[in-house]
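Everything on this sheet refers to the single structure shown next.
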Amino acid sequence: MRFADVIKTAFYNLWRKKFRTFLTILAIVIGAVLIALMTSIGTGLQKFIVDQFGLMVPQDALTVYASNRSFNYVDTPYEIVDTSDVIVRSFTADDIEKLLSIESVERVDYNVGVSALYVRAEGSEKKYSVSINSGPDYQVRMMTLVAGGYFEEDACGECLISFDYLPAFGWEKAEDAIGKEVTVTVGKYNVYNTETANYSFVICGVILKTMNATQIVIPMNDTIEMERYYRDNPEQYSPEQPGTSLLVKVRDVTAIDSVAETIRAEGFSTITPAEILKEINSIFSIIQIGLSAFGVIALVVASIGIINTLMMSIYERTREIGVMKAVGATRGTIRLLFTMEGAALGFIGGVVGVGIGYLCGKILNIVGSYTFLSDYPTFEMSVFSIQLVLMVVAVTTAISLIAGLYPANRAAKLDAVEALRYE
Amino acid sequence: MIKLENITREYRMGEDIVRAVSGISLEITEGEFVALVGPSGSGKSTTMHIIGGLDTPTSGRVIVDGHDLSRAGDRELSRYRNEKIGFVFQAFNLHPTYTATENVALPLIFSGIGYSRRMKIAAEALETVGLSDRASHRPNQLSGGERQRVSIARALVTQPKIILADEPTGNLDSKNGQLVMELLSRLNKEKGITLIIVTHNMEIAAVAGRIIKMRDGKIVED
């Protein structure tokens, strides 16, 4: 029997019992919609996170840690053989020289940071939460500004603020913020010391809305000064005390892996942006599998429907099967015909399901863009790819085909003489 | 051409073993018109199914055209049924949603012949049985006699050497029954097709050149 005839016969037989076929397919469609939509939302989220990661993390720089320590979560005491395993190592001036001497390394910076108490805008006593960010020029300039410009690397007393501060500070437009002054208050590391200090900054730029809604980006010089005050340590971030982590920038992004290798060989630890991205992607793969599990459960339920439909069909068509055998159909042909009917149910269900899932995703994106996602114009909640479409159709077809195997085998094994006598 | 050697066919019915055919031997030459007659349960249908490759004997040998069917597997038997045998059933067994032509063309699907050629060959077979004007009718739009002629066309369509008809007039009135018998004997005479008819109607059997009487799974008269 020709394969084209097998397909044609399978579809023809499904068409004969339209309503029953429709109901069976409906169950598959529900599963397919769930898989398609859930996976597309997973992809959308993943794309959003990865994009944000790309916006925030320079691809040609590494954060290097002095110690190689990893934390072991164990519930029984274990013996520490080497104390260097537990002592947090810090960098020295020599280490910095060592890092700078690595080929392709362009510059090494302190990985500065400070924790502030709150921020106020000029002319207001209202205090707002704040996270202070800082870094070398190449990091700061990765941020997209909606108004103003960046400060120079060696500047003092200038800052960039998150878009979300605008309504809090009562400024209508991003441009209104430029030139205004904000004051950041820093406390002490030692909580028994209640002393605070104020540091004022003139806003020179407003950052495009990102996930980090409460950040104020200030020059490194200011951060170092504030952190020294916070820690009561005038040596913090100096060649004597560079800290436990450093930022290493490479000249050429293609050299990053080899630089990371060299750094690790020196006994430091680091992770490349590509490695972080890989981690993020693998986490999302797991999330996507979890999300699509609902759809798979629905499909398993649907496959019971397929078995039922095909079994009914075999009882109704027993005589027909007998005739087919009498005129020359082999057991294999009968098996193939019924397996194909199962697969055809899955194929139609998959195609329709992906179509509906796609429409639902589009609607979600449109609704989202006017409501909860209006601040993120580039974020699409549901992202469909050709691979997703093919994957869903392949999964529904494969599950249905497998469901069809048992009934198909029953049909194939029918005794021709008894089938012809069947009333 | 057809040679049955000491054929026995046993069925298991719950605890009991029923012997439908009990050690029969028989030879039928090419172009013969044979009627297998006997009361129900005499084993005539089982004998026919064994000759047609729908059933295999418990013991004994079936040799058709030099091929031993008793040892053939499913593929070989299916091919044998498709190429060498045409079945005509009492209840016609037509596909209710297929047209007459599509019903006739059914065996050709399993021969692997493409759609347009199938339809052409099927139309010719319908012409042989005089039903060209009913080609696009479905079974429920045809009379009993017409339905049986469609089923004869289906049996003919692969140009088989043997036609096996199980009570072909059983569901027809006498006039239509006669027409069907005339058609079958014409095919036997003109095309030289070996024709084996199972019937309990002696009037029908009388048309045949050879009558084999069966009772209790044995041949009692040949």
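In the structure tokens, the first chain shown is A, the next is B, and so on; residue numbers restart at 1 for each chain, and ligands run from 1 in the order shown.
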Env of Thr158 in chain B: 12 Å cut, atoms = only C-alpha atoms, seq-sep filter 3 positions within chain, self excluded. Answer as a ChimeraX atom specification.
/A:327-328 /B:79-87,104-113,118,121-122,124-125,152-155,161-163
Just list the residues in range 20-212 of chain B DSSP gives helix (DSSP H, G or I) on the backbone, as a VMD selection string.
chain B and resid 44 to 51 69 to 71 74 to 84 100 to 110 115 to 128 132 to 134 139 to 141 144 to 156 174 to 191 202 to 205
Output file for the residues above (C-alpha atoms, as a CSV table (one decimal), in the first residue's frame):
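Output file result23.csv is given in full below:
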chain,number,residue,atom,x,y,z
B,44,LYS,CA,-17.8,-26.0,3.6
B,45,SER,CA,-17.1,-22.4,4.5
B,46,THR,CA,-14.0,-23.4,6.5
B,47,THR,CA,-12.7,-25.4,3.4
B,48,MET,CA,-13.3,-22.3,1.3
B,49,HIS,CA,-11.5,-20.0,3.7
B,50,ILE,CA,-8.5,-22.4,3.7
B,51,ILE,CA,-8.4,-22.4,-0.1
B,69,LEU,CA,-0.1,-22.2,1.7
B,70,SER,CA,-0.1,-24.1,4.9
B,71,ARG,CA,3.4,-22.9,5.6
B,74,ASP,CA,0.9,-13.3,6.8
B,75,ARG,CA,2.6,-11.3,4.1
B,76,GLU,CA,2.7,-14.2,1.7
B,77,LEU,CA,-0.9,-15.1,2.4
B,78,SER,CA,-2.1,-11.5,2.1
B,79,ARG,CA,-0.3,-11.2,-1.3
B,80,TYR,CA,-1.9,-14.5,-2.4
B,81,ARG,CA,-5.4,-13.2,-1.5
B,82,ASN,CA,-4.7,-10.0,-3.2
B,83,GLU,CA,-3.4,-11.4,-6.5
B,84,LYS,CA,-4.9,-14.9,-6.9
B,100,ALA,CA,-19.2,1.6,-6.3
B,101,THR,CA,-16.0,2.4,-8.1
B,102,GLU,CA,-14.1,3.1,-4.9
B,103,ASN,CA,-15.4,-0.2,-3.4
B,104,VAL,CA,-14.3,-2.1,-6.5
B,105,ALA,CA,-10.9,-0.4,-6.4
B,106,LEU,CA,-10.2,-1.4,-2.7
B,107,PRO,CA,-8.0,-4.5,-3.5
B,108,LEU,CA,-5.9,-2.4,-5.8
B,109,ILE,CA,-4.9,0.0,-2.9
B,110,PHE,CA,-3.2,-3.0,-1.3
B,115,TYR,CA,-5.4,6.5,-7.5
B,116,SER,CA,-6.0,7.3,-11.1
B,117,ARG,CA,-5.0,3.9,-12.4
B,118,ARG,CA,-7.0,2.3,-9.7
B,119,MET,CA,-10.1,4.2,-10.7
B,120,LYS,CA,-9.6,3.3,-14.4
B,121,ILE,CA,-9.2,-0.4,-13.7
B,122,ALA,CA,-12.2,-0.4,-11.3
B,123,ALA,CA,-14.3,1.3,-14.0
B,124,GLU,CA,-13.5,-1.5,-16.4
B,125,ALA,CA,-14.4,-4.1,-13.8
B,126,LEU,CA,-17.7,-2.3,-13.2
B,127,GLU,CA,-18.3,-2.4,-17.0
B,128,THR,CA,-17.8,-6.2,-17.0
B,132,SER,CA,-21.0,1.5,-15.4
B,133,ASP,CA,-24.1,3.7,-14.9
B,134,ARG,CA,-23.9,3.1,-11.2
B,139,PRO,CA,-24.2,0.9,-1.6
B,140,ASN,CA,-27.3,2.3,0.0
B,141,GLN,CA,-28.4,3.7,-3.4
B,144,GLY,CA,-29.3,-6.0,-3.6
B,145,GLY,CA,-28.5,-7.5,-7.0
B,146,GLU,CA,-26.5,-4.5,-7.9
B,147,ARG,CA,-24.6,-4.6,-4.7
B,148,GLN,CA,-23.6,-8.2,-5.3
B,149,ARG,CA,-22.5,-7.3,-8.8
B,150,VAL,CA,-20.3,-4.6,-7.3
B,151,SER,CA,-18.8,-7.1,-5.0
B,152,ILE,CA,-18.2,-9.4,-7.9
B,153,ALA,CA,-16.5,-6.6,-9.7
B,154,ARG,CA,-14.3,-6.1,-6.6
B,155,ALA,CA,-13.4,-9.8,-6.7
B,156,LEU,CA,-12.5,-9.5,-10.4
B,174,SER,CA,-34.6,-15.5,-7.0
B,175,LYS,CA,-34.5,-13.2,-10.1
B,176,ASN,CA,-31.4,-11.3,-8.9
B,177,GLY,CA,-29.9,-14.6,-7.6
B,178,GLN,CA,-30.2,-16.0,-11.1
B,179,LEU,CA,-28.6,-12.9,-12.6
B,180,VAL,CA,-25.7,-13.2,-10.2
B,181,MET,CA,-25.3,-16.9,-11.0
B,182,GLU,CA,-25.3,-16.1,-14.8
B,183,LEU,CA,-22.7,-13.5,-14.3
B,184,LEU,CA,-20.5,-15.8,-12.3
B,185,SER,CA,-20.7,-18.7,-14.7
B,186,ARG,CA,-20.1,-16.4,-17.6
B,187,LEU,CA,-16.8,-15.3,-15.9
B,188,ASN,CA,-15.9,-18.9,-15.4
B,189,LYS,CA,-16.6,-19.8,-19.1
B,190,GLU,CA,-15.3,-16.6,-20.8
B,191,LYS,CA,-12.3,-15.7,-18.6
B,202,MET,CA,-29.1,-27.4,-4.7
B,203,GLU,CA,-30.7,-25.3,-7.5
B,204,ILE,CA,-27.7,-23.0,-7.5
B,205,ALA,CA,-25.3,-25.9,-7.1
May I have the residues within 12 Å of Ile7 in chain A as a PyMOL selection string, using only C-alpha atoms and disregarding those fewer than 5 positions away in the same chain?
chain A and resi 1-2+12-14+333+336-345+347
With a cut-off of 8 Å and counting only C-alpha atoms, select all residues of chain A in contact with chain B and give the selection as a ChimeraX atom specification.
/A:1-2,5,319-320,323-331,416-417
Take the residues that were just selected and, keeping N, CA, C and O atoms, output them as a tab-separated table (two decimals), in the first residue's frame.
chain	number	residue	atom	x	y	z
A	1	MET	N	0.85	-1.20	0.00
A	1	MET	CA	0.00	0.00	0.00
A	1	MET	C	0.88	1.25	0.00
A	1	MET	O	1.84	1.33	0.75
A	2	ARG	N	0.53	2.19	-0.85
A	2	ARG	CA	1.32	3.42	-0.93
A	2	ARG	C	1.14	4.26	0.32
A	2	ARG	O	0.03	4.32	0.87
A	5	ASP	N	-1.62	6.72	0.19
A	5	ASP	CA	-2.95	6.12	0.40
A	5	ASP	C	-3.20	5.86	1.88
A	5	ASP	O	-4.34	5.99	2.35
A	319	ARG	N	-15.85	-5.65	10.51
A	319	ARG	CA	-16.14	-6.28	9.23
A	319	ARG	C	-15.29	-5.67	8.12
A	319	ARG	O	-14.76	-6.38	7.27
A	320	GLU	N	-15.19	-4.34	8.17
A	320	GLU	CA	-14.39	-3.63	7.18
A	320	GLU	C	-12.93	-4.11	7.23
A	320	GLU	O	-12.29	-4.28	6.18
A	323	VAL	N	-12.79	-7.42	5.56
A	323	VAL	CA	-12.80	-7.29	4.09
A	323	VAL	C	-11.42	-6.86	3.60
A	323	VAL	O	-10.88	-7.41	2.63
A	324	MET	N	-10.82	-5.88	4.30
A	324	MET	CA	-9.50	-5.42	3.88
A	324	MET	C	-8.50	-6.56	3.88
A	324	MET	O	-7.68	-6.70	2.98
A	325	LYS	N	-8.60	-7.40	4.91
A	325	LYS	CA	-7.69	-8.56	4.96
A	325	LYS	C	-8.00	-9.51	3.81
A	325	LYS	O	-7.08	-10.03	3.18
A	326	ALA	N	-9.30	-9.75	3.55
A	326	ALA	CA	-9.67	-10.68	2.49
A	326	ALA	C	-9.15	-10.22	1.13
A	326	ALA	O	-8.79	-11.05	0.29
A	327	VAL	N	-9.11	-8.90	0.92
A	327	VAL	CA	-8.67	-8.44	-0.41
A	327	VAL	C	-7.18	-8.12	-0.44
A	327	VAL	O	-6.69	-7.55	-1.41
A	328	GLY	N	-6.47	-8.48	0.65
A	328	GLY	CA	-5.02	-8.42	0.53
A	328	GLY	C	-4.26	-7.54	1.49
A	328	GLY	O	-3.05	-7.38	1.34
A	329	ALA	N	-4.95	-6.95	2.50
A	329	ALA	CA	-4.21	-6.12	3.47
A	329	ALA	C	-3.46	-7.03	4.44
A	329	ALA	O	-4.04	-7.96	4.98
A	330	THR	N	-2.19	-6.75	4.65
A	330	THR	CA	-1.42	-7.52	5.63
A	330	THR	C	-1.72	-6.99	7.03
A	330	THR	O	-2.30	-5.92	7.18
A	331	ARG	N	-1.29	-7.77	8.03
A	331	ARG	CA	-1.43	-7.29	9.41
A	331	ARG	C	-0.70	-5.95	9.56
A	331	ARG	O	-1.20	-5.03	10.20
A	416	ALA	N	-9.34	-12.79	10.43
A	416	ALA	CA	-10.09	-12.33	9.25
A	416	ALA	C	-11.45	-13.01	9.15
A	416	ALA	O	-12.47	-12.35	8.89
A	417	VAL	N	-11.49	-14.32	9.39
A	417	VAL	CA	-12.76	-15.05	9.24
A	417	VAL	C	-13.78	-14.58	10.27
A	417	VAL	O	-14.93	-14.30	9.94
Residue neighbourhood range 20-23 of chain B, 8 Å, only C-alpha atoms, exclusion window fewer than 5 positions, as a compact mmCIF listing (two decimals) with N, CA and C atoms, in the first residue's frame:
# COMPACT_ATOMS: atom_id res chain seq x y z
N GLU B 5 -4.50 -31.69 0.86
CA GLU B 5 -4.03 -33.02 1.26
C GLU B 5 -4.32 -33.23 2.74
N ASN B 6 -5.29 -34.08 3.01
CA ASN B 6 -5.58 -34.50 4.38
C ASN B 6 -5.72 -33.32 5.35
N ILE B 7 -6.58 -32.37 4.97
CA ILE B 7 -6.74 -31.13 5.73
C ILE B 7 -7.64 -31.32 6.96
N THR B 8 -7.14 -30.86 8.09
CA THR B 8 -7.95 -30.84 9.31
C THR B 8 -7.88 -29.42 9.88
N ARG B 9 -9.05 -28.92 10.34
CA ARG B 9 -9.05 -27.60 10.98
C ARG B 9 -9.81 -27.71 12.29
N GLU B 10 -9.12 -27.42 13.37
CA GLU B 10 -9.75 -27.50 14.69
C GLU B 10 -9.83 -26.11 15.31
N TYR B 11 -10.92 -25.87 16.02
CA TYR B 11 -11.08 -24.60 16.75
C TYR B 11 -11.21 -24.91 18.22
N GLY B 41 -22.54 -26.00 9.24
CA GLY B 41 -21.68 -26.75 10.16
C GLY B 41 -21.01 -27.94 9.49
N SER B 42 -21.18 -28.07 8.17
CA SER B 42 -20.58 -29.21 7.49
C SER B 42 -19.11 -28.99 7.16
N GLY B 43 -18.64 -27.73 7.29
CA GLY B 43 -17.22 -27.44 7.04
C GLY B 43 -16.96 -26.86 5.67
N THR B 46 -15.34 -23.31 5.98
CA THR B 46 -13.96 -23.42 6.46
C THR B 46 -13.05 -23.89 5.33
N THR B 47 -13.53 -24.88 4.56
CA THR B 47 -12.75 -25.37 3.42
C THR B 47 -12.46 -24.23 2.45
N GLY B 60 -2.23 -30.93 7.61
CA GLY B 60 -2.46 -31.15 6.17
C GLY B 60 -1.83 -30.06 5.34
N ASP B 216 -20.44 -32.93 8.35
CA ASP B 216 -19.61 -33.14 9.56
C ASP B 216 -18.11 -33.06 9.28
N GLY B 217 -17.74 -32.11 8.45
CA GLY B 217 -16.31 -31.89 8.20
C GLY B 217 -15.69 -32.86 7.21
N LYS B 218 -16.49 -33.69 6.61
CA LYS B 218 -15.94 -34.65 5.65
C LYS B 218 -16.64 -34.52 4.31
Check the smallest atom-to-atom distance from each of A:Thr397, A:Thr24, A:Thr92, A:Ser131 to Val217 in chain A using only C-alpha atoms, then report the winner.
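Among the listed residues, the smallest separation from Val217 in chain A belongs to A:Ser131.
Note that the spacing between CA of Leu247 in chain A and CA of Cys156 in chain A amounts to 20.6 Å.
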Among range 155-298 of chain A, which residues carry a DSSP assignment of strand (DSSP E or B), reported as a PyMOL selection string?
chain A and resi 158-162+181-186+197-207+215-217+236+238+241+245-250+269-271
